[in-house]
$ cat data33.csv   # CSV, C-alpha atoms
chain,number,residue,atom,x,y,z
A,1,MET,CA,-7.0,-21.6,-15.5
A,2,LYS,CA,-4.9,-20.2,-18.3
A,3,HIS,CA,-1.8,-22.3,-19.0
A,4,PHE,CA,1.6,-20.9,-20.2
A,5,THR,CA,4.5,-23.2,-20.9
A,6,GLN,CA,8.0,-21.9,-20.9
A,7,LYS,CA,7.9,-22.0,-24.7
A,8,ASP,CA,4.8,-19.8,-24.7
A,9,ILE,CA,6.6,-17.3,-22.5
A,10,LEU,CA,9.7,-17.3,-24.6
A,11,GLU,CA,7.6,-16.8,-27.8
A,12,ALA,CA,5.5,-14.0,-26.4
A,13,GLU,CA,6.1,-10.4,-27.4
A,14,LYS,CA,9.0,-8.9,-25.4
A,15,GLY,CA,6.9,-6.4,-23.5
A,16,PHE,CA,4.3,-9.0,-22.6
A,17,ARG,CA,7.0,-11.4,-21.3
A,18,ARG,CA,8.7,-8.7,-19.2
A,19,ASP,CA,5.4,-7.6,-17.5
A,20,PHE,CA,4.2,-11.2,-17.1
A,21,VAL,CA,7.4,-12.7,-15.6
A,22,ASN,CA,7.9,-9.7,-13.3
A,23,CYS,CA,4.4,-10.2,-11.8
A,24,LEU,CA,4.9,-13.9,-11.1
A,25,SER,CA,6.6,-13.8,-7.7
A,26,GLY,CA,3.8,-11.6,-6.1
A,27,TYR,CA,4.1,-8.3,-4.2
A,28,LYS,CA,7.7,-7.0,-4.0
A,29,SER,CA,9.8,-5.0,-1.5
A,30,LEU,CA,10.1,-1.5,-2.9
A,31,ASN,CA,13.0,0.6,-1.8
A,32,LEU,CA,14.7,3.7,-3.2
A,33,ILE,CA,18.5,3.2,-3.2
A,34,GLY,CA,20.6,6.3,-2.6
A,35,THR,CA,24.3,6.4,-3.6
A,36,ILE,CA,27.0,8.9,-4.1
A,37,HIS,CA,30.1,8.9,-6.4
A,38,ALA,CA,33.1,9.0,-4.1
A,39,GLU,CA,35.0,11.5,-6.3
A,40,THR,CA,32.5,13.7,-8.1
A,41,LYS,CA,30.1,13.6,-5.2
A,42,LYS,CA,27.2,13.3,-7.7
A,43,THR,CA,24.3,11.5,-6.0
A,44,ASN,CA,22.1,8.9,-7.5
A,45,LEU,CA,18.6,7.6,-6.6
A,46,ALA,CA,16.8,4.6,-8.1
A,47,PRO,CA,13.8,2.4,-7.2
A,48,PHE,CA,14.4,-1.3,-6.6
A,49,SER,CA,11.9,-4.0,-6.0
A,50,GLN,CA,14.4,-6.8,-5.6
A,51,VAL,CA,15.5,-6.1,-2.0
A,52,PHE,CA,15.4,-9.1,0.4
A,53,HIS,CA,16.4,-10.4,3.8
A,54,ILE,CA,19.5,-12.5,3.9
A,55,GLY,CA,20.1,-12.8,7.6
A,56,ALA,CA,19.4,-11.3,11.0
A,57,SER,CA,22.7,-11.9,12.8
A,58,PRO,CA,24.6,-10.1,11.4
A,59,PRO,CA,21.8,-8.1,9.7
A,60,LEU,CA,22.2,-8.5,5.9
A,61,VAL,CA,20.1,-7.5,2.9
A,62,GLY,CA,20.4,-8.6,-0.7
A,63,ILE,CA,19.7,-6.7,-3.9
A,64,LEU,CA,19.7,-8.0,-7.5
A,65,PHE,CA,21.0,-5.9,-10.3
A,66,ARG,CA,20.1,-6.8,-13.9
A,67,PRO,CA,23.1,-6.6,-16.2
A,68,HIS,CA,23.5,-3.7,-18.5
A,69,SER,CA,20.5,-1.8,-17.3
A,70,VAL,CA,19.8,1.8,-16.3
A,71,GLU,CA,20.5,0.8,-12.7
A,72,ARG,CA,24.2,0.6,-13.5
A,73,HIS,CA,25.0,4.0,-11.9
A,74,THR,CA,23.7,2.7,-8.6
A,75,LEU,CA,25.8,-0.5,-8.9
A,76,GLU,CA,28.9,1.4,-9.9
A,77,ASN,CA,28.6,3.9,-7.0
A,78,ILE,CA,28.1,1.0,-4.6
A,79,LEU,CA,31.1,-0.9,-5.8
A,80,GLN,CA,33.2,2.3,-5.7
A,81,SER,CA,32.0,4.0,-2.5
A,82,LYS,CA,31.2,0.7,-0.6
A,83,CYS,CA,28.0,2.1,0.8
A,84,PHE,CA,24.3,2.8,0.0
A,85,THR,CA,21.0,3.6,1.6
A,86,LEU,CA,17.6,1.9,1.4
A,87,ASN,CA,14.6,4.0,1.8
A,88,HIS,CA,10.9,2.9,2.1
A,89,VAL,CA,8.5,4.7,-0.3
A,90,THR,CA,5.2,6.1,0.8
A,91,GLU,CA,2.0,7.2,-1.0
A,92,THR,CA,3.2,10.8,-0.8
A,93,PHE,CA,6.2,10.3,-3.1
A,94,TYR,CA,5.8,7.0,-4.9
A,95,LYS,CA,5.3,8.9,-8.2
A,96,ALA,CA,8.6,10.8,-7.7
A,97,ALA,CA,10.2,7.4,-6.8
A,98,HIS,CA,8.9,5.9,-10.1
A,99,HIS,CA,10.1,9.0,-12.0
A,100,SER,CA,13.6,8.5,-10.5
A,101,SER,CA,13.9,5.4,-12.8
A,102,ALA,CA,14.1,7.6,-15.9
A,103,ARG,CA,17.5,8.3,-17.6
A,104,TRP,CA,18.3,11.6,-16.0
A,105,LYS,CA,21.5,13.4,-16.7
A,106,ASP,CA,21.7,15.0,-13.3
A,107,SER,CA,21.1,13.6,-9.8
A,108,GLU,CA,17.7,12.0,-9.5
A,109,PHE,CA,17.3,13.7,-6.1
A,110,ALA,CA,17.3,17.2,-7.8
A,111,ALA,CA,15.4,16.0,-10.8
A,112,THR,CA,12.5,14.5,-8.9
A,113,GLY,CA,12.4,17.0,-6.0
A,114,LEU,CA,13.2,14.3,-3.4
A,115,LYS,CA,15.4,15.9,-0.8
A,116,GLU,CA,18.7,14.1,0.1
A,117,GLU,CA,19.7,13.9,3.7
A,118,TYR,CA,23.0,13.0,5.4
A,119,ILE,CA,22.9,11.6,8.9
A,120,ASP,CA,25.5,10.7,11.5
A,121,GLY,CA,28.4,11.1,9.1
A,122,PHE,CA,27.2,8.3,6.7
A,123,LYS,CA,28.5,8.9,3.2
A,124,ALA,CA,25.5,7.9,1.1
A,125,PRO,CA,22.4,10.1,0.9
A,126,TYR,CA,19.1,9.1,2.5
A,127,VAL,CA,15.7,10.2,1.3
A,128,ALA,CA,14.5,12.8,3.8
A,129,ALA,CA,10.8,12.0,3.3
A,130,SER,CA,11.2,8.3,3.9
A,131,PRO,CA,9.8,6.9,7.2
A,132,LEU,CA,12.3,4.0,7.3
A,133,LYS,CA,15.9,4.4,6.1
A,134,ILE,CA,18.7,2.0,6.2
A,135,GLY,CA,22.4,2.7,5.9
A,136,CYS,CA,24.3,-0.2,4.5
A,137,SER,CA,28.0,-1.0,3.9
A,138,LEU,CA,29.0,-3.3,1.0
A,139,ALA,CA,29.6,-6.8,2.4
A,140,ASP,CA,29.8,-9.0,-0.7
A,141,VAL,CA,29.1,-9.1,-4.5
A,142,LEU,CA,28.3,-12.1,-6.6
A,143,THR,CA,27.6,-12.5,-10.3
A,144,LEU,CA,25.1,-15.2,-11.0
A,145,ALA,CA,26.5,-17.4,-13.7
A,146,ILE,CA,23.1,-18.2,-15.1
A,147,ASN,CA,22.3,-14.8,-16.5
A,148,GLU,CA,25.0,-12.3,-15.3
A,149,THR,CA,22.6,-10.8,-12.7
A,150,VAL,CA,24.6,-9.2,-9.9
A,151,LEU,CA,23.8,-9.9,-6.3
A,152,VAL,CA,24.9,-7.2,-3.9
A,153,ILE,CA,24.9,-8.1,-0.2
A,154,GLY,CA,24.7,-5.2,2.2
A,155,SER,CA,25.5,-5.1,5.9
A,156,VAL,CA,22.9,-3.1,7.9
A,157,GLU,CA,24.9,-0.3,9.7
A,158,HIS,CA,22.1,2.1,10.6
A,159,VAL,CA,18.3,2.0,10.8
A,160,TYR,CA,16.1,5.1,11.3
A,161,LEU,CA,12.4,4.7,11.6
A,162,GLU,CA,9.3,6.5,12.9
A,163,GLU,CA,9.1,5.2,16.4
A,164,ALA,CA,5.3,4.9,16.4
A,165,ALA,CA,5.6,2.0,14.0
A,166,LEU,CA,7.9,-0.1,16.1
A,167,GLY,CA,6.5,-2.7,18.5
A,168,GLU,CA,8.1,-3.9,21.7
A,169,ASP,CA,8.7,-7.3,20.1
A,170,GLY,CA,10.7,-5.7,17.2
A,171,PHE,CA,7.8,-5.9,14.7
A,172,ILE,CA,7.6,-2.9,12.4
A,173,ASP,CA,4.1,-2.0,11.3
A,174,LEU,CA,4.5,-1.2,7.6
A,175,GLU,CA,1.0,0.2,7.4
A,176,LYS,CA,1.7,2.7,10.1
A,177,LEU,CA,4.9,3.7,8.1
A,178,GLY,CA,2.8,4.0,5.0
A,179,THR,CA,5.2,1.7,3.1
A,180,VAL,CA,4.3,1.1,-0.6
A,181,THR,CA,4.8,-2.3,-2.3
A,182,SER,CA,5.1,-2.9,-6.0
A,183,SER,CA,4.0,-5.6,-8.4
A,184,GLY,CA,5.3,-6.2,-12.0
A,185,ILE,CA,7.2,-3.2,-13.3
A,186,ASP,CA,4.8,-0.3,-12.8
A,187,SER,CA,2.1,-1.1,-10.3
A,188,TYR,CA,2.0,0.3,-6.7
A,189,HIS,CA,0.0,-0.7,-3.7
A,190,LEU,CA,-0.5,-0.1,0.0
A,191,GLY,CA,-0.9,-3.0,2.4
A,192,LYS,CA,-4.3,-3.9,4.0
A,193,LYS,CA,-3.7,-6.0,7.1
A,194,LEU,CA,-5.3,-9.4,7.5
A,195,ALA,CA,-3.6,-10.4,10.7
A,196,ARG,CA,-0.4,-11.4,12.5
A,197,LEU,CA,-0.4,-15.1,13.4
A,198,THR,CA,1.1,-17.0,16.3
A,199,TYR,CA,4.1,-19.2,15.9
A,200,ALA,CA,2.9,-22.3,14.1
A,201,LYS,CA,2.9,-25.6,16.0
A,202,PRO,CA,1.5,-29.0,14.9
A,203,ASP,CA,-0.7,-29.6,17.9
A,204,GLN,CA,-2.3,-26.1,18.1
A,205,PRO,CA,-4.6,-24.1,15.8
A,206,VAL,CA,-3.1,-20.9,14.4
A,207,LYS,CA,-4.4,-17.8,16.3
A,208,GLU,CA,-4.3,-14.1,15.6
A,209,ILE,CA,-1.9,-12.1,17.7
B,1,MET,CA,13.1,9.0,14.2
B,2,LYS,CA,14.4,6.2,16.3
B,3,HIS,CA,18.0,5.2,15.5
B,4,PHE,CA,19.5,1.7,15.7
B,5,THR,CA,23.1,1.0,15.0
B,6,GLN,CA,24.3,-2.4,14.0
B,7,LYS,CA,25.6,-2.8,17.5
B,8,ASP,CA,22.1,-2.1,18.9
B,9,ILE,CA,20.6,-4.7,16.6
B,10,LEU,CA,23.3,-7.3,17.5
B,11,GLU,CA,22.8,-6.7,21.3
B,12,ALA,CA,19.0,-6.8,21.1
B,13,GLU,CA,17.1,-9.8,22.4
B,14,LYS,CA,17.1,-12.6,19.8
B,15,GLY,CA,13.3,-12.5,19.1
B,16,PHE,CA,13.4,-8.7,18.8
B,17,ARG,CA,16.3,-8.9,16.3
B,18,ARG,CA,14.6,-11.6,14.2
B,19,ASP,CA,11.3,-9.7,13.9
B,20,PHE,CA,13.0,-6.3,13.4
B,21,VAL,CA,15.4,-7.3,10.7
B,22,ASN,CA,12.8,-9.4,8.9
B,23,CYS,CA,10.6,-6.3,8.6
B,24,LEU,CA,13.3,-4.0,7.2
B,25,SER,CA,13.0,-4.8,3.5
B,26,GLY,CA,9.2,-4.0,3.4
B,27,TYR,CA,6.4,-6.2,2.0
B,28,LYS,CA,7.5,-9.6,0.7
B,29,SER,CA,6.6,-12.1,-2.0
B,30,LEU,CA,4.7,-14.9,-0.2
B,31,ASN,CA,4.5,-18.3,-1.9
B,32,LEU,CA,3.8,-21.8,-0.8
B,33,ILE,CA,6.5,-24.2,-2.2
B,34,GLY,CA,5.3,-27.7,-3.0
B,35,THR,CA,7.8,-30.5,-3.3
B,36,ILE,CA,7.8,-34.3,-3.4
B,37,HIS,CA,10.4,-36.9,-2.3
B,38,ALA,CA,11.4,-38.8,-5.5
B,39,GLU,CA,11.5,-42.2,-3.7
B,40,THR,CA,9.1,-42.1,-0.8
B,41,LYS,CA,6.7,-39.9,-2.7
B,42,LYS,CA,6.0,-38.0,0.5
B,43,THR,CA,5.0,-34.4,-0.3
B,44,ASN,CA,6.0,-31.3,1.5
B,45,LEU,CA,4.6,-27.8,1.6
B,46,ALA,CA,6.1,-24.7,3.2
B,47,PRO,CA,5.6,-20.9,3.1
B,48,PHE,CA,8.4,-18.8,1.7
B,49,SER,CA,8.6,-15.0,1.6
B,50,GLN,CA,12.0,-14.8,-0.1
B,51,VAL,CA,10.9,-15.5,-3.7
B,52,PHE,CA,12.1,-13.1,-6.3
B,53,HIS,CA,12.5,-12.4,-10.0
B,54,ILE,CA,15.9,-13.2,-11.5
B,55,GLY,CA,15.2,-12.8,-15.2
B,56,ALA,CA,12.5,-12.8,-17.8
B,57,SER,CA,14.3,-14.4,-20.8
B,58,PRO,CA,14.6,-17.2,-19.9
B,59,PRO,CA,12.1,-16.9,-17.0
B,60,LEU,CA,14.0,-17.5,-13.7
B,61,VAL,CA,13.0,-17.1,-10.1
B,62,GLY,CA,15.2,-17.2,-7.0
B,63,ILE,CA,14.5,-18.5,-3.5
B,64,LEU,CA,16.7,-18.1,-0.4
B,65,PHE,CA,16.9,-20.9,2.2
B,66,ARG,CA,18.3,-20.2,5.6
B,67,PRO,CA,20.7,-22.9,6.7
B,68,HIS,CA,19.7,-25.5,9.3
B,69,SER,CA,16.1,-24.4,9.4
B,70,VAL,CA,12.7,-26.2,9.3
B,71,GLU,CA,12.7,-25.5,5.6
B,72,ARG,CA,15.3,-28.1,5.0
B,73,HIS,CA,12.8,-30.8,3.8
B,74,THR,CA,11.8,-28.4,1.0
B,75,LEU,CA,15.4,-27.8,0.0
B,76,GLU,CA,16.3,-31.5,0.2
B,77,ASN,CA,13.4,-32.5,-2.0
B,78,ILE,CA,14.3,-29.8,-4.6
B,79,LEU,CA,17.9,-30.9,-4.7
B,80,GLN,CA,16.9,-34.5,-5.1
B,81,SER,CA,13.8,-34.3,-7.4
B,82,LYS,CA,15.0,-31.2,-9.4
B,83,CYS,CA,11.6,-29.6,-9.4
B,84,PHE,CA,9.2,-27.6,-7.2
B,85,THR,CA,6.0,-25.5,-7.4
B,86,LEU,CA,5.3,-21.9,-6.3
B,87,ASN,CA,1.8,-21.1,-5.3
B,88,HIS,CA,0.2,-17.7,-4.5
B,89,VAL,CA,-1.7,-17.6,-1.2
B,90,THR,CA,-5.1,-16.0,-0.8
B,91,GLU,CA,-7.1,-14.7,2.2
B,92,THR,CA,-9.1,-18.0,2.1
B,93,PHE,CA,-6.2,-20.1,3.1
B,94,TYR,CA,-3.4,-17.9,4.5
B,95,LYS,CA,-3.9,-19.3,8.0
B,96,ALA,CA,-3.4,-22.9,6.6
B,97,ALA,CA,-0.4,-21.6,4.7
B,98,HIS,CA,1.1,-20.3,7.9
B,99,HIS,CA,0.3,-23.5,9.7
B,100,SER,CA,2.2,-25.5,7.1
B,101,SER,CA,5.4,-23.9,8.6
B,102,ALA,CA,5.0,-26.0,11.8
B,103,ARG,CA,7.2,-29.1,12.3
B,104,TRP,CA,4.7,-31.7,11.0
B,105,LYS,CA,5.6,-35.4,10.9
B,106,ASP,CA,3.4,-36.1,7.9
B,107,SER,CA,2.8,-34.1,4.7
B,108,GLU,CA,1.8,-30.5,5.3
B,109,PHE,CA,-0.8,-30.9,2.6
B,110,ALA,CA,-2.7,-33.6,4.6
B,111,ALA,CA,-2.0,-31.8,7.9
B,112,THR,CA,-3.3,-28.4,6.9
B,113,GLY,CA,-6.1,-29.6,4.6
B,114,LEU,CA,-4.6,-27.9,1.6
B,115,LYS,CA,-5.4,-30.2,-1.4
B,116,GLU,CA,-2.5,-31.2,-3.6
B,117,GLU,CA,-2.9,-31.2,-7.3
B,118,TYR,CA,-0.9,-32.8,-10.2
B,119,ILE,CA,-1.1,-31.1,-13.6
B,120,ASP,CA,0.2,-32.0,-17.0
B,121,GLY,CA,2.5,-34.7,-15.7
B,122,PHE,CA,4.6,-32.3,-13.6
B,123,LYS,CA,6.2,-34.3,-10.7
B,124,ALA,CA,5.9,-31.7,-7.9
B,125,PRO,CA,2.5,-31.0,-6.3
B,126,TYR,CA,0.6,-27.7,-6.8
B,127,VAL,CA,-1.8,-26.2,-4.2
B,128,ALA,CA,-5.3,-26.8,-5.7
B,129,ALA,CA,-6.8,-23.6,-4.2
B,130,SER,CA,-4.0,-21.3,-5.4
B,131,PRO,CA,-5.0,-18.8,-8.2
B,132,LEU,CA,-1.5,-18.6,-9.6
B,133,LYS,CA,0.8,-21.7,-9.7
B,134,ILE,CA,4.2,-22.0,-11.2
B,135,GLY,CA,6.0,-25.3,-12.0
B,136,CYS,CA,9.8,-24.9,-11.8
B,137,SER,CA,12.7,-27.1,-12.6
B,138,LEU,CA,16.0,-26.6,-10.7
B,139,ALA,CA,18.4,-24.5,-12.7
B,140,ASP,CA,21.2,-23.7,-10.2
B,141,VAL,CA,22.1,-23.7,-6.6
B,142,LEU,CA,24.6,-21.4,-4.8
B,143,THR,CA,25.6,-21.2,-1.2
B,144,LEU,CA,26.4,-17.6,-0.1
B,145,ALA,CA,29.8,-17.6,1.6
B,146,ILE,CA,28.7,-14.8,3.9
B,147,ASN,CA,26.3,-16.8,6.0
B,148,GLU,CA,25.7,-20.2,4.4
B,149,THR,CA,22.3,-19.1,3.0
B,150,VAL,CA,21.4,-21.2,0.0
B,151,LEU,CA,20.1,-19.5,-3.2
B,152,VAL,CA,18.0,-21.9,-5.4
B,153,ILE,CA,17.4,-20.7,-8.9
B,154,GLY,CA,14.3,-22.2,-10.6
B,155,SER,CA,13.5,-22.2,-14.3
B,156,VAL,CA,9.8,-21.4,-14.9
B,157,GLU,CA,8.4,-24.4,-16.9
B,158,HIS,CA,4.6,-23.9,-16.4
B,159,VAL,CA,2.4,-21.0,-15.2
B,160,TYR,CA,-1.3,-21.5,-14.4
B,161,LEU,CA,-3.4,-18.5,-13.5
B,162,GLU,CA,-7.0,-17.3,-13.3
B,163,GLU,CA,-7.5,-15.8,-16.7
B,164,ALA,CA,-9.6,-12.8,-15.5
B,165,ALA,CA,-6.4,-11.4,-13.7
B,166,LEU,CA,-4.3,-11.4,-16.9
B,167,GLY,CA,-4.1,-8.2,-19.0
B,168,GLU,CA,-3.4,-8.0,-22.7
B,169,ASP,CA,0.0,-6.5,-22.0
B,170,GLY,CA,1.1,-9.4,-19.7
B,171,PHE,CA,0.3,-7.6,-16.5
B,172,ILE,CA,-1.1,-9.8,-13.8
B,173,ASP,CA,-3.6,-8.1,-11.4
B,174,LEU,CA,-2.6,-9.5,-8.0
B,175,GLU,CA,-5.6,-7.9,-6.3
B,176,LYS,CA,-7.9,-9.8,-8.7
B,177,LEU,CA,-6.1,-13.0,-7.9
B,178,GLY,CA,-6.4,-12.1,-4.1
B,179,THR,CA,-2.7,-12.6,-3.6
B,180,VAL,CA,-1.5,-12.1,0.0
B,181,THR,CA,1.8,-10.5,0.9
B,182,SER,CA,3.7,-10.9,4.1
B,183,SER,CA,5.8,-8.7,6.3
B,184,GLY,CA,8.2,-9.7,9.1
B,185,ILE,CA,7.8,-13.3,10.1
B,186,ASP,CA,4.1,-13.5,11.0
B,187,SER,CA,2.1,-10.6,9.4
B,188,TYR,CA,-0.2,-11.0,6.4
B,189,HIS,CA,-1.7,-8.3,4.1
B,190,LEU,CA,-3.7,-7.8,1.0
B,191,GLY,CA,-2.8,-5.2,-1.6
B,192,LYS,CA,-4.7,-1.9,-2.0
B,193,LYS,CA,-4.0,-0.4,-5.4
B,194,LEU,CA,-2.6,3.1,-5.8
B,195,ALA,CA,-1.9,3.1,-9.5
B,196,ARG,CA,0.0,1.8,-12.5
B,197,LEU,CA,2.4,4.4,-13.8
B,198,THR,CA,3.7,5.0,-17.3
B,199,TYR,CA,7.3,4.3,-18.3
B,200,ALA,CA,9.4,7.0,-16.7
B,201,LYS,CA,11.0,9.6,-19.0
B,202,PRO,CA,13.0,12.7,-18.0
B,203,ASP,CA,11.1,15.1,-20.1
B,204,GLN,CA,7.6,13.9,-19.2
B,205,PRO,CA,5.5,13.8,-16.0
B,206,VAL,CA,4.6,10.4,-14.7
B,207,LYS,CA,1.0,9.5,-15.5
B,208,GLU,CA,-1.4,6.8,-14.3
B,209,ILE,CA,-2.1,4.0,-16.8
$ encode --input "data33.csv" --output "structure tokens"
Amino acid sequence: MKHFTQKDILEAEKGFRRDFVNCLSGYKSLNLIGTIHAETKKTNLAPFSQVFHIGASPPLVGILFRPHSVERHTLENILQSKCFTLNHVTETFYKAAHHSSARWKDSEFAATGLKEEYIDGFKAPYVAASPLKIGCSLADVLTLAINETVLVIGSVEHVYLEEAALGEDGFIDLEKLGTVTSSGIDSYHLGKKLARLTYAKPDQPVKEI
Amino acid sequence: MKHFTQKDILEAEKGFRRDFVNCLSGYKSLNLIGTIHAETKKTNLAPFSQVFHIGASPPLVGILFRPHSVERHTLENILQSKCFTLNHVTETFYKAAHHSSARWKDSEFAATGLKEEYIDGFKAPYVAASPLKIGCSLADVLTLAINETVLVIGSVEHVYLEEAALGEDGFIDLEKLGTVTSSGIDSYHLGKKLARLTYAKPDQPVKEI
């Protein structure tokens, strides 16, 4: 096994360090975040791989924003309009999703050809092609003292998904949706199912569902 | 598309809601967390899918702990011993990893047959079979006011990985490692690579690396 100490990581070339550390956690939850400026109505779209579950009741999601990055338009729009959308990415449009991370002058929807969609009066734009879309209202914002990273907490107001992927028990089959996962800063993958496993108990072997 | 409002989610049966909301973010970063009680030396192992990148310089990772859950031994050990390990899970032992989430009386290492390993004097136990292991010291702890979820921030002190998976640019090939990703609360998947994409610029098409 190759060993890196923190000192090795800190002394590595910047690009190496960024790729390496971004890969450490494993596969990540890739979502396109759609926002709109409340006054100019200019829309914004950007890929995020730092989206995570915070709670089910009430349903809450968290997103981490690095300070002073290109993602700032998304954060500014969320803070100002108090809403945003999360949109799963599929194989069909993951390259357009990646391209939306560039420093475009105009809306990333128009620039990348991803069509924006407005549903049920929700202010922020969804990605029309996405098979699972979530409309969130801003619930809380925290700045992490340790490195100025901003944690946005969203309250799940609406979920739209392709019905064929939804099980009776509430499970959503990401492979049926075609959801893409990312690793590091530039690698994209589909999922290849191993199994669903029964609730773990000490006195029983784990079984496949 | 099937539509769920927040009211629909809140009024759904508890098990449905838990599965449904846990699936929303997409594929998750699965890691086994290894800890040790500083006094009794009893070890603990538990699977976590809420592990994420907080920063590269210094290298920081975040983990979310639900309040009052079976994960509390892990959190208590981290708060007391100030260290923990993160260990990628492979197809070979993902069922044992899942089984470690049961309410065992003794150490989950002994209970599931996953061998613990101590390297370079680090106090917390690693999972011997894991192809990528991270030794972290406790850097910060925050309780999210919104739902009492606890955010633990770890400083990456050591990384051990199979050298064949490491690229010259710092990229770690998770498929070479055999890293497993999870979705919802009980589904496990391998990754199936689509592509790595070049840094996105407005005036250039996205290309595969």
$ closest_residue --input "data33.csv" --among "A:Glu148, A:Glu175, A:Glu208, A:Asp203" --to "B:Ser100" --atoms "only C-alpha atoms"
A:Asp203
$ closest_residue --input "data33.csv" --among "B:Lys207, B:His99, B:His37, B:Lys133" --to "chain A" --atoms "all atoms listed in the file"
B:His99
$ closest_residue --input "data33.csv" --among "B:Lys2, B:Pro202, B:Gln80, B:Lys14" --to "A:Glu108" --atoms "all atoms listed in the file"
B:Pro202
$ atom_distance --input "data33.csv" --atom1 "atom CA of A:Ile36" --atom2 "atom CA of B:Asn22"
26.6 Å
$ interface_residues --input "data33.csv" --of "chain A" --to "chain B" --cutoff "6 Å" --atoms "only C-alpha atoms" --output "ChimeraX atom specification"
/A:1-6,16,18-21,23,25-29,52,56,99,102,104,157-163,169-172,186-197,200-202
$ atom_distance --input "data33.csv" --atom1 "atom CA of A:Tyr118" --atom2 "atom CA of A:Ile33"
13.8 Å
$ atom_distance --input "data33.csv" --atom1 "atom CA of A:Val141" --atom2 "atom CA of A:Thr90"
28.8 Å
$ residues_around --input "data33.csv" --residues "A:Leu45" --least-positions-apart "2" --cutoff "8 Å" --atoms "all atoms listed in the file" --output "mmCIF file with C-alpha atoms, in the frame of the given file"
data_model
loop_
_atom_site.group_PDB
_atom_site.id
_atom_site.type_symbol
_atom_site.label_atom_id
_atom_site.label_comp_id
_atom_site.auth_asym_id
_atom_site.auth_seq_id
_atom_site.Cartn_x
_atom_site.Cartn_y
_atom_site.Cartn_z
ATOM 1 C CA LEU A 32 14.700 3.700 -3.200
ATOM 2 C CA ILE A 33 18.500 3.200 -3.200
ATOM 3 C CA GLY A 34 20.600 6.300 -2.600
ATOM 4 C CA THR A 35 24.300 6.400 -3.600
ATOM 5 C CA THR A 43 24.300 11.500 -6.000
ATOM 6 C CA PRO A 47 13.800 2.400 -7.200
ATOM 7 C CA THR A 74 23.700 2.700 -8.600
ATOM 8 C CA SER A 100 13.600 8.500 -10.500
ATOM 9 C CA SER A 107 21.100 13.600 -9.800
ATOM 10 C CA GLU A 108 17.700 12.000 -9.500
ATOM 11 C CA PHE A 109 17.300 13.700 -6.100
#
$ closest_residue --input "data33.csv" --among "B:Asn44, B:Leu177, B:Cys83, B:Ala128" --to "B:Ala110" --atoms "only C-alpha atoms"
B:Asn44
